[in-house]
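K.L.:
Provided herewith: my_file_29.pdb, PDB, C-alpha atoms.
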```
ATOM      1  CA  PHE A  36     -11.563   4.217  -1.908
ATOM      2  CA  LYS A  37     -14.312   5.599   0.291
ATOM      3  CA  GLY A  38     -14.400   8.786   2.316
ATOM      4  CA  GLN A  39     -14.959   8.805   6.048
ATOM      5  CA  GLY A  40     -18.487  10.233   6.239
ATOM      6  CA  VAL A  41     -21.192  12.284   4.560
ATOM      7  CA  GLN A  42     -21.778  15.999   4.122
ATOM      8  CA  PHE A  43     -24.871  18.106   3.413
ATOM      9  CA  SER A  44     -25.467  18.841  -0.270
ATOM     10  CA  GLU A  45     -28.888  20.512  -0.752
ATOM     11  CA  HIS A  46     -32.595  20.388   0.039
ATOM     12  CA  ARG A  47     -35.229  18.633  -2.063
ATOM     13  CA  LEU A  48     -38.961  18.017  -1.800
ATOM     14  CA  TYR A  49     -40.089  15.195   0.434
ATOM     15  CA  VAL A  50     -41.461  12.117  -1.348
ATOM     16  CA  PRO A  51     -43.238   9.179   0.321
ATOM     17  CA  GLY A  52     -40.688   6.692   1.584
ATOM     18  CA  ASP A  53     -38.041   9.265   2.571
ATOM     19  CA  ASP A  54     -36.574   8.966   6.055
ATOM     20  CA  VAL A  55     -38.520  11.461   8.183
ATOM     21  CA  ARG A  56     -35.399  12.047  10.266
ATOM     22  CA  HIS A  57     -33.932  13.930   7.300
ATOM     23  CA  ILE A  58     -36.785  16.453   7.141
ATOM     24  CA  ASP A  59     -35.530  19.980   7.794
ATOM     25  CA  TRP A  60     -38.477  21.366   9.770
ATOM     26  CA  LYS A  61     -37.180  24.939  10.057
ATOM     27  CA  VAL A  62     -36.600  25.357   6.320
ATOM     28  CA  SER A  63     -39.866  23.553   5.562
ATOM     29  CA  ALA A  64     -41.786  26.003   7.779
ATOM     30  CA  ARG A  65     -40.336  28.982   5.921
ATOM     31  CA  SER A  66     -40.899  27.548   2.441
ATOM     32  CA  ARG A  67     -44.261  25.907   3.217
ATOM     33  CA  ASP A  68     -43.008  22.783   1.436
ATOM     34  CA  ILE A  69     -41.758  19.688   3.222
ATOM     35  CA  LEU A  70     -38.054  19.579   2.444
ATOM     36  CA  VAL A  71     -35.507  16.914   3.277
ATOM     37  CA  LYS A  72     -31.752  17.263   3.484
ATOM     38  CA  LYS A  73     -29.762  15.599   0.735
ATOM     39  CA  PHE A  74     -26.337  14.266   1.619
ATOM     40  CA  GLU A  75     -23.331  13.284  -0.449
ATOM     41  CA  GLU A  76     -20.601  10.896   0.518
ATOM     42  CA  GLU A  77     -17.474  12.678   1.625
ATOM     43  CA  ARG A  78     -14.987  11.585  -1.033
ATOM     44  CA  GLU A  79     -11.704  13.357  -0.478
ATOM     45  CA  LEU A  80      -9.031  11.278   1.238
ATOM     46  CA  ASN A  81      -5.362  11.422   1.974
ATOM     47  CA  VAL A  82      -3.475   8.545   0.338
ATOM     48  CA  LEU A  83       0.147   7.863   1.286
ATOM     49  CA  VAL A  84       2.308   5.471  -0.748
ATOM     50  CA  VAL A  85       5.195   4.121   1.344
ATOM     51  CA  VAL A  86       7.915   2.575  -0.838
ATOM     52  CA  ASP A  87      10.839   0.367   0.217
ATOM     53  CA  THR A  88      14.003   1.462  -1.640
ATOM     54  CA  SER A  89      16.443  -0.937   0.055
ATOM     55  CA  ALA A  90      19.005  -2.963  -1.902
ATOM     56  CA  SER A  91      17.045  -6.227  -1.699
ATOM     57  CA  LEU A  92      14.698  -4.844  -4.377
ATOM     58  CA  SER A  93      17.615  -4.536  -6.832
ATOM     59  CA  PHE A  94      16.989  -8.041  -8.087
ATOM     60  CA  GLY A  95      15.107  -9.488 -11.031
ATOM     61  CA  SER A  96      15.312 -12.575 -13.229
ATOM     62  CA  LYS A  97      12.851 -11.505 -15.940
ATOM     63  CA  THR A  98      12.522  -8.214 -17.807
ATOM     64  CA  GLN A  99      12.760  -5.920 -14.790
ATOM     65  CA  LEU A 100      13.920  -5.618 -11.199
ATOM     66  CA  LYS A 101      11.699  -5.746  -8.140
ATOM     67  CA  SER A 102      12.410  -2.035  -7.707
ATOM     68  CA  ASP A 103      11.012  -1.381 -11.211
ATOM     69  CA  THR A 104       7.829  -3.250 -10.342
ATOM     70  CA  ALA A 105       7.563  -1.292  -7.071
ATOM     71  CA  CYS A 106       7.785   1.946  -9.081
ATOM     72  CA  GLU A 107       5.018   0.759 -11.403
ATOM     73  CA  VAL A 108       2.766  -0.129  -8.478
ATOM     74  CA  ALA A 109       3.411   3.188  -6.708
ATOM     75  CA  GLY A 110       2.915   5.208  -9.887
ATOM     76  CA  MET A 111      -0.354   3.569 -10.905
ATOM     77  CA  LEU A 112      -1.896   3.921  -7.458
ATOM     78  CA  ALA A 113      -0.724   7.522  -7.095
ATOM     79  CA  PHE A 114      -2.308   8.459 -10.433
ATOM     80  CA  ALA A 115      -5.500   6.565  -9.510
ATOM     81  CA  ALA A 116      -5.770   8.552  -6.276
ATOM     82  CA  ALA A 117      -5.164  11.842  -8.098
ATOM     83  CA  MET A 118      -7.771  11.006 -10.752
ATOM     84  CA  GLY A 119     -10.268  10.381  -7.939
ATOM     85  CA  GLY A 120      -9.630  13.837  -6.501
ATOM     86  CA  ASP A 121      -7.688  12.599  -3.488
ATOM     87  CA  LYS A 122      -4.524  14.024  -2.014
ATOM     88  CA  VAL A 123      -1.543  11.702  -2.444
ATOM     89  CA  GLY A 124       1.898  11.718  -0.844
ATOM     90  CA  MET A 125       4.917   9.445  -0.636
ATOM     91  CA  VAL A 126       7.491   8.153   1.846
ATOM     92  CA  LEU A 127      10.668   6.486   0.586
ATOM     93  CA  PHE A 128      12.641   4.453   3.125
ATOM     94  CA  SER A 129      15.386   1.863   3.575
ATOM     95  CA  ASP A 130      16.709   1.434   7.121
ATOM     96  CA  GLN A 131      16.028   5.162   7.493
ATOM     97  CA  VAL A 132      13.681   7.691   5.944
ATOM     98  CA  GLU A 133      15.051   8.689   2.523
ATOM     99  CA  ARG A 134      12.392  11.142   1.320
ATOM    100  CA  VAL A 135       9.027  12.485   2.442
ATOM    101  CA  VAL A 136       6.579  14.263   0.130
ATOM    102  CA  PRO A 137       3.380  15.340   1.972
ATOM    103  CA  PRO A 138      -0.010  14.629   0.338
ATOM    104  CA  LYS A 139      -1.281  17.145  -2.214
ATOM    105  CA  LYS A 140      -3.712  17.147  -5.124
ATOM    106  CA  GLY A 141      -3.079  17.198  -8.855
ATOM    107  CA  LYS A 142      -1.385  15.328 -11.660
ATOM    108  CA  ALA A 143       1.624  17.678 -11.573
ATOM    109  CA  HIS A 144       2.180  16.682  -7.953
ATOM    110  CA  VAL A 145       2.005  12.980  -8.870
ATOM    111  CA  SER A 146       4.576  13.554 -11.611
ATOM    112  CA  ARG A 147       6.830  15.084  -8.982
ATOM    113  CA  LEU A 148       6.344  12.034  -6.754
ATOM    114  CA  LEU A 149       7.366   9.689  -9.540
ATOM    115  CA  SER A 150      10.390  11.829 -10.415
ATOM    116  CA  GLU A 151      11.499  11.634  -6.783
ATOM    117  CA  LEU A 152      11.015   7.860  -6.797
ATOM    118  CA  MET A 153      12.845   7.230 -10.072
ATOM    119  CA  ALA A 154      15.729   9.510  -9.093
ATOM    120  CA  GLN A 155      16.147   7.999  -5.638
ATOM    121  CA  GLN A 156      19.754   7.002  -5.018
ATOM    122  CA  LYS A 157      20.104   3.900  -2.866
ATOM    123  CA  ARG A 158      22.490   5.418  -0.335
ATOM    124  CA  ASN A 159      21.400   3.026   2.397
ATOM    125  CA  LYS A 160      21.086  -0.657   1.532
ATOM    126  CA  LYS A 161      19.396  -2.262   4.524
ATOM    127  CA  THR A 162      15.667  -2.559   5.310
ATOM    128  CA  ASP A 163      13.705  -1.452   8.364
ATOM    129  CA  LEU A 164       9.962  -1.566   7.707
ATOM    130  CA  ALA A 165       9.223  -0.091  11.134
ATOM    131  CA  VAL A 166      11.072   3.081  10.095
ATOM    132  CA  GLY A 167       8.843   3.510   7.043
ATOM    133  CA  LEU A 168       5.635   2.738   8.953
ATOM    134  CA  ASP A 169       6.480   5.120  11.801
ATOM    135  CA  ALA A 170       7.275   7.867   9.278
ATOM    136  CA  ALA A 171       3.890   7.290   7.617
ATOM    137  CA  GLY A 172       2.179   7.750  10.982
ATOM    138  CA  ARG A 173       3.905  11.102  11.475
ATOM    139  CA  VAL A 174       2.941  12.327   7.987
ATOM    140  CA  MET A 175      -0.718  11.234   8.125
ATOM    141  CA  LYS A 176      -2.366  13.401  10.776
ATOM    142  CA  HIS A 177      -5.907  12.444   9.749
ATOM    143  CA  LYS A 178      -7.422   9.090   8.896
ATOM    144  CA  GLY A 179      -6.522   7.905   5.402
ATOM    145  CA  ILE A 180      -5.163   5.088   3.286
ATOM    146  CA  ILE A 181      -1.554   3.926   3.528
ATOM    147  CA  ILE A 182      -0.184   1.668   0.800
ATOM    148  CA  LEU A 183       3.042  -0.107   1.748
ATOM    149  CA  VAL A 184       5.119  -1.392  -1.199
ATOM    150  CA  SER A 185       7.992  -3.696  -0.190
ATOM    151  CA  ASP A 186       9.409  -7.204  -0.605
ATOM    152  CA  PHE A 187       8.835  -7.676   3.159
ATOM    153  CA  LEU A 188      12.255  -9.275   3.662
ATOM    154  CA  ALA A 189      12.436  -7.728   7.112
ATOM    155  CA  GLU A 190      11.429  -8.366  10.701
ATOM    156  CA  GLY A 191      10.377  -6.497  13.819
ATOM    157  CA  TYR A 192       7.701  -4.288  12.231
ATOM    158  CA  ASP A 193       4.525  -5.854  13.670
ATOM    159  CA  LEU A 194       4.100  -3.300  16.494
ATOM    160  CA  SER A 195       4.524  -0.340  14.117
ATOM    161  CA  LEU A 196       2.008  -1.856  11.702
ATOM    162  CA  ARG A 197      -0.598  -2.436  14.424
ATOM    163  CA  ARG A 198      -0.155   1.101  15.704
ATOM    164  CA  LEU A 199      -0.647   2.530  12.199
ATOM    165  CA  ALA A 200      -3.658   0.319  11.437
ATOM    166  CA  ARG A 201      -5.557   1.560  14.503
ATOM    167  CA  LYS A 202      -6.152   4.839  12.679
ATOM    168  CA  HIS A 203      -5.601   4.144   8.970
ATOM    169  CA  ASP A 204      -6.609   1.678   6.284
ATOM    170  CA  VAL A 205      -3.377  -0.171   5.441
ATOM    171  CA  VAL A 206      -2.797  -2.059   2.177
ATOM    172  CA  ALA A 207       0.372  -4.184   1.936
ATOM    173  CA  ILE A 208       1.679  -4.862  -1.573
ATOM    174  CA  GLN A 209       4.509  -7.391  -1.664
ATOM    175  CA  VAL A 210       6.858  -7.363  -4.661
ATOM    176  CA  ARG A 211       8.780 -10.562  -5.420
ATOM    177  CA  ASP A 212      10.629 -12.424  -8.150
ATOM    178  CA  GLU A 213       9.959 -16.121  -8.743
ATOM    179  CA  LEU A 214      13.669 -16.970  -8.880
ATOM    180  CA  GLU A 215      13.940 -16.019  -5.204
ATOM    181  CA  ARG A 216      11.918 -19.103  -4.315
ATOM    182  CA  THR A 217      12.676 -21.580  -7.100
ATOM    183  CA  TRP A 218      16.334 -21.881  -8.103
ATOM    184  CA  PRO A 219      17.384 -23.780 -11.260
ATOM    185  CA  ARG A 220      19.955 -26.581 -11.113
ATOM    186  CA  VAL A 221      22.936 -24.729 -12.569
ATOM    187  CA  GLY A 222      25.819 -26.103 -10.520
ATOM    188  CA  PHE A 223      27.875 -24.017  -8.105
ATOM    189  CA  VAL A 224      27.251 -20.256  -8.223
ATOM    190  CA  GLN A 225      28.483 -17.278  -6.250
ATOM    191  CA  VAL A 226      25.656 -15.256  -4.676
ATOM    192  CA  LEU A 227      25.666 -11.780  -3.123
ATOM    193  CA  ASP A 228      23.528 -10.447  -0.301
ATOM    194  CA  PRO A 229      22.849  -6.894  -1.602
ATOM    195  CA  GLU A 230      22.098  -5.497   1.853
ATOM    196  CA  SER A 231      25.093  -6.881   3.783
ATOM    197  CA  GLY A 232      27.567  -7.236   0.892
ATOM    198  CA  ASN A 233      28.404 -10.813   1.933
ATOM    199  CA  THR A 234      29.124 -13.357  -0.805
ATOM    200  CA  LYS A 235      28.991 -17.137  -0.757
ATOM    201  CA  VAL A 236      29.362 -20.056  -3.159
ATOM    202  CA  VAL A 237      26.298 -22.332  -3.102
ATOM    203  CA  ASP A 238      24.890 -25.328  -4.958
ATOM    204  CA  PRO A 239      21.183 -24.569  -5.713
ATOM    205  CA  GLY A 240      20.563 -28.240  -6.454
ATOM    206  CA  SER A 241      21.716 -29.493  -3.046
ATOM    207  CA  TYR A 242      19.311 -30.620  -0.336
ATOM    208  CA  LEU A 243      20.820 -28.293   2.279
ATOM    209  CA  PHE A 244      20.449 -25.219   0.066
ATOM    210  CA  LYS A 245      16.867 -26.069  -0.873
ATOM    211  CA  LYS A 246      16.004 -26.576   2.788
ATOM    212  CA  TRP A 247      17.652 -23.280   3.765
ATOM    213  CA  ILE A 248      15.711 -21.363   1.067
ATOM    214  CA  ALA A 249      12.426 -23.015   2.101
ATOM    215  CA  ASP A 250      13.025 -22.282   5.807
ATOM    216  CA  PHE A 251      14.032 -18.673   5.057
ATOM    217  CA  HIS A 252      10.884 -17.880   3.084
ATOM    218  CA  SER A 253       8.656 -19.818   5.481
ATOM    219  CA  THR A 254       9.923 -17.804   8.455
ATOM    220  CA  HIS A 255       9.453 -14.459   6.701
ATOM    221  CA  ALA A 256       6.014 -15.484   5.401
ATOM    222  CA  THR A 257       4.868 -16.461   8.905
ATOM    223  CA  ASP A 258       6.140 -13.191  10.400
ATOM    224  CA  ARG A 259       4.544 -11.192   7.572
ATOM    225  CA  ASP A 260       1.169 -12.926   7.756
ATOM    226  CA  THR A 261       1.038 -12.566  11.549
ATOM    227  CA  ALA A 262       1.854  -8.848  11.346
ATOM    228  CA  LEU A 263      -0.652  -8.164   8.552
ATOM    229  CA  LYS A 264      -3.403 -10.136  10.280
ATOM    230  CA  SER A 265      -2.888  -8.288  13.561
ATOM    231  CA  GLY A 266      -3.028  -4.991  11.651
ATOM    232  CA  LYS A 267      -6.050  -6.119   9.563
ATOM    233  CA  ALA A 268      -4.144  -5.067   6.443
ATOM    234  CA  ASP A 269      -5.107  -6.298   2.981
ATOM    235  CA  HIS A 270      -2.285  -8.169   1.238
ATOM    236  CA  LEU A 271      -1.395  -8.454  -2.451
ATOM    237  CA  VAL A 272       1.606 -10.195  -4.027
ATOM    238  CA  VAL A 273       2.897  -8.748  -7.320
ATOM    239  CA  SER A 274       5.593 -10.627  -9.234
ATOM    240  CA  THR A 275       8.133  -8.995 -11.563
ATOM    241  CA  SER A 276       6.603 -11.092 -14.365
ATOM    242  CA  ASP A 277       2.999  -9.976 -13.701
ATOM    243  CA  ASP A 278       0.936  -7.479 -15.658
ATOM    244  CA  VAL A 279       0.913  -4.887 -12.858
ATOM    245  CA  ALA A 280      -2.182  -2.980 -14.024
ATOM    246  CA  GLU A 281      -4.284  -6.124 -14.412
ATOM    247  CA  THR A 282      -3.144  -7.465 -11.035
ATOM    248  CA  LEU A 283      -3.982  -4.200  -9.223
ATOM    249  CA  VAL A 284      -7.401  -3.817 -10.872
ATOM    250  CA  ARG A 285      -8.346  -7.410 -10.026
ATOM    251  CA  PHE A 286      -7.208  -6.969  -6.402
ATOM    252  CA  PHE A 287      -9.009  -3.678  -5.741
ATOM    253  CA  ASN A 288     -12.211  -4.882  -7.433
ATOM    254  CA  SER A 289     -12.157  -7.941  -5.171
ATOM    255  CA  ARG A 290     -11.451  -5.701  -2.168
ATOM    256  CA  ALA A 291     -14.428  -3.481  -3.000
ATOM    257  CA  ARG A 292     -16.750  -6.496  -3.306
ATOM    258  CA  ARG A 293     -15.617  -7.856   0.074
ATOM    259  CA  ARG A 294     -16.276  -4.524   1.764
ATOM    260  CA  ARG A 295     -19.742  -4.230   0.248
TER     261      ARG A 295
END
```
Translate the structure described by the file into structure tokens.

P.N.:
Amino acid sequence: FKGQGVQFSEHRLYVPGDDVRHIDWKVSARSRDILVKKFEEERELNVLVVVDTSASLSFGSKTQLKSDTACEVAGMLAFAAAMGGDKVGMVLFSDQVERVVPPKKGKAHVSRLLSELMAQQKRNKKTDLAVGLDAAGRVMKHKGIIILVSDFLAEGYDLSLRRLARKHDVVAIQVRDELERTWPRVGFVQVLDPESGNTKVVDPGSYLFKKWIADFHSTHATDRDTALKSGKADHLVVSTSDDVAETLVRFFNSRARRRR
């Protein structure tokens, strides 16, 4: 992650090829040497990790739930920010704000963030991404980086995302499980919507069910892509079966190359 500007570091002797606009004429006159100002990139940033804790993340068909993968993503990025000397904070949300920890420096602070995340009780089951995004805007007074971790099974958040992206660099990390999209032919099964509590008996092998699943994910994908494009947010998909560290490193290396 890059800072938002440069700051003066020190003076050094002028050498042929230096930008003459950086010559400090007043100091040079006193020292009788031609001195230029040396600048360093301003590095310190505020990083805010915004994590969806709604009930739809309490699902997983492999070794862990989507919520476990979300915790891994949030933890790794929080530690990466702390190791870089940045301030890092966290917002936990469902259909309302569950917890807000303002950005601070230090590994001890990151450990506190992760303790808050792991101990979070899912009191509220539904999802409202706009609530989390609006909360992030209130916490982040100055320009920074906002990392949104969610399964994006929501709607009506495009305006909040655009408003946030006008000031901040937004990275959207989508957590999903492959079984959500590709169901095995196992005969009739009873399924539960974790956010509404509704249950229904379905046949995953039937044409109607396959069409409903395809239409459901297509609609949410279209809404998500439109919102992220309008907010110029980078997008990464992390599956519950992925190596989270490898996936994040590959994504952020690619992101850095694009920006260069």

K.L.:
Take the PyMOL selection byres ((chain A and resi 283) around 10), run it mentally on this structure, and tell me the resulting residues as a VMD selection string.

P.N.:
chain A and resid 108 111 to 112 208 271 to 273 278 to 282 284 to 289

K.L.:
For atom CA of Gly191 of chain A and atom CA of Thr104 of chain A, determine how far apart the two atoms are, in Å to one decimal place.

P.N.:
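These two atoms are separated by 24.5 Å.
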
K.L.:
If we count all atoms listed in the file, what is near Met125 of chain A at a cut-off of 9 Å, once residues fewer than 2 positions away on the same chain are taken out, given as a ChimeraX atom specification?

P.N.:
/A:82-86,109,113,123,127,134-138,148,152,171

K.L.:
So, with all atoms listed in the file as the atoms that count, which of A:Gln155, A:Leu188, A:Asn233, A:Gly119 lies closest to Ala256 of chain A?

P.N.:
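Ranking A:Gln155, A:Leu188, A:Asn233, A:Gly119 by distance to Ala256 of chain A, first place goes to A:Leu188.
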
K.L.:
With the PyMOL selection byres ((chain A and resi 142) around 8) as the selection, what would be picked from this file? Answer as an MDAnalysis selection string, please.

P.N.:
chainID A and resid 114 117:118 140:141 143:146

K.L.:
Let me see the file: selected residues, C-alpha atoms, as a tab-separated table (two decimals), keeping the file's coordinate frame.

P.N.:
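In the end it all went to again.tsv:
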```tsv
chain	number	residue	atom	x	y	z
A	114	PHE	CA	-2.31	8.46	-10.43
A	117	ALA	CA	-5.16	11.84	-8.10
A	118	MET	CA	-7.77	11.01	-10.75
A	140	LYS	CA	-3.71	17.15	-5.12
A	141	GLY	CA	-3.08	17.20	-8.86
A	143	ALA	CA	1.62	17.68	-11.57
A	144	HIS	CA	2.18	16.68	-7.95
A	145	VAL	CA	2.00	12.98	-8.87
A	146	SER	CA	4.58	13.55	-11.61
```

K.L.:
Please provide the set of residues having any atom within 9 Å of Gln209 of chain A, restricted to all atoms listed in the file, with same-chain residues fewer than 6 positions apart removed, written as a ChimeraX atom specification.

P.N.:
/A:105,183-187,270-274
